[in-house]
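A short write-up of the structure that comes next.
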Protein chains: 2
Amino acid sequence: MDAKVIWNGRMTFDASADSGFHVRLGAEPEVGGDNDGFRPMEMIAIGLAGCTAMDVISILSKKRQEVTAFEVVVHAGRAAEHPKVFNQALIEYQVSGRSLDEQALLRAIELSAVRYCPAQAMFNQLMPIELHYQIYEDLGEGQRTLVKSGVFTPAV
Amino acid sequence: MDAKVIWNGRMTFDASADSGFHVRLGAEPEVGGDNDGFRPMEMIAIGLAGCTAMDVISILSKKRQEVTAFEVVVHAGRAAEHPKVFNQALIEYQVSGRSLDEQALLRAIELSAVRYCPAQAMFNQLMPIELHYQIYEDLGEGQRTLVKSGVFTPAV
């Protein structure tokens, strides 16, 4: 897979990859940027969130779960000193739906963490990653109620 | 740092992060997607390319190099089996300018690789990364000529 960034002056880059899409990268004014695009490390955290999110939604769909809303948040901690690597992460899965099966969700999270998601497989080798989840019952008309939340530890 | 992906149906997600920008993620039709956005692992390769590109352009600018065009390409190899992690990478730095100093470029690449770029620091622990560079003399009017190319191995 190829990814390319082309300089557009100062700290601004046009980024693209094999799929043909484009996104702009930029930096903070403190480092000479114009705050006109994603920070590179944000791309990496988004890649991690998207990778596991696609696994989980795909598995939930195969398990015929009626999901009505779904989001994944990655909270990444960074070292204080250069090169300021990610040194821990918390991945939060928030799923809304109708009569969702907690075991189906946990199995989906587990399969992503230990088998399918390349980003998790890579970052698991570098730092501790906590997996949290919240299950909401969708009450219709934009209303939902929390029915279950917890921390999941895959049996790797 | 927080990154979030919100499900938009099928395999489509809206992704955002602390900087406030948004980008769409999508998947191949073969896995139920609509090819309507970046693949998650592309985001990670872009993060790596952008991270080192920002370091290098920033250092070249401090070294008063007259850069007229600059791009960084990441070629990432992936494992054949799930979870299909990145298992090798080649980062290619293509710099055009006027009378560019090869040593200045090599020092910039080295500082990024061993000191500043968090993505490189992380991925260096997971896989071999080759660093290639090409220096072009900018002849004006969109013309350039290759003056130097090579492989750089940081003395870590």
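How things are named: the first chain in the structure tokens is A, the next is B, and so on; residues count from 1 in each chain; ligands count from 1 in the order shown.
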
_Distance-based interface of chain A with chain B, 6 Å, counting only C-alpha atoms, as a ChimeraX atom specification_ = /A:1-7,40-41,43-47,50-51,70-76,82-85,115-118

_Env of segment 129-139 of chain B: 6 Å cut, atoms = only C-alpha atoms, seq-sep filter 5 positions within chain, self excluded. Answer as an MDAnalysis selection string._
chainID B and resid 88:98 144:152

Include C-alpha atoms and write out the residues we just selected as a PDB file, in the first residue's frame.
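Below is the file part_13.pdb, written as the result:
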ATOM      1  CA  GLN B  88       7.937  -3.487   6.297  1.00  0.00           C
ATOM      2  CA  ALA B  89       8.033   0.032   4.928  1.00  0.00           C
ATOM      3  CA  LEU B  90      10.027   2.162   2.564  1.00  0.00           C
ATOM      4  CA  ILE B  91       9.888   5.917   3.020  1.00  0.00           C
ATOM      5  CA  GLU B  92      10.920   7.937  -0.012  1.00  0.00           C
ATOM      6  CA  TYR B  93      11.840  11.615   0.323  1.00  0.00           C
ATOM      7  CA  GLN B  94      11.788  13.558  -2.957  1.00  0.00           C
ATOM      8  CA  VAL B  95      13.123  17.091  -2.598  1.00  0.00           C
ATOM      9  CA  SER B  96      13.471  19.712  -5.325  1.00  0.00           C
ATOM     10  CA  GLY B  97      15.223  23.012  -4.806  1.00  0.00           C
ATOM     11  CA  ARG B  98      18.116  25.255  -5.661  1.00  0.00           C
ATOM     12  CA  ARG B 144      14.029  19.601 -12.721  1.00  0.00           C
ATOM     13  CA  THR B 145      16.971  17.255 -12.937  1.00  0.00           C
ATOM     14  CA  LEU B 146      17.984  14.487 -10.520  1.00  0.00           C
ATOM     15  CA  VAL B 147      21.299  15.359  -8.881  1.00  0.00           C
ATOM     16  CA  LYS B 148      21.567  12.763  -6.151  1.00  0.00           C
ATOM     17  CA  SER B 149      19.739   9.748  -4.815  1.00  0.00           C
ATOM     18  CA  GLY B 150      20.537   7.214  -2.157  1.00  0.00           C
ATOM     19  CA  VAL B 151      19.534   5.107   0.790  1.00  0.00           C
ATOM     20  CA  PHE B 152      20.014   6.534   4.246  1.00  0.00           C
TER      21      PHE B 152
END

*Write down as a PyMOL selection string the residues of segment 4-144 of chain B whose backbone DSSP state falls under strand (DSSP E).*
chain B and resi 4-7+13-17+22-25+66-78+86-98+129-140+143-144

_Every residue of chain A that DSSP places in alpha helix (DSSP H), as number ranges by chain_ = A: 40-62, 102-111, 118-124

*May I have the residues within 7 Å of Ala108 of chain A as an MDAnalysis selection string, using only C-alpha atoms and disregarding those fewer than 5 positions away in the same chain?*
chainID A and resid 56 59:60

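In this structure, atom CA of Ile109 of chain B sits 22.9 Å away from atom CA of Asp34 of chain A.
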
*By how many Å are atom CA of Gly142 of chain B and atom CA of Glu66 of chain B apart?*
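Value for the atom CA of Gly142 of chain B-atom CA of Glu66 of chain B distance: 15.6 Å.
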
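Interatomic distance, atom CA of Glu30 of chain A to atom CA of Glu110 of chain B: 22.5 Å.
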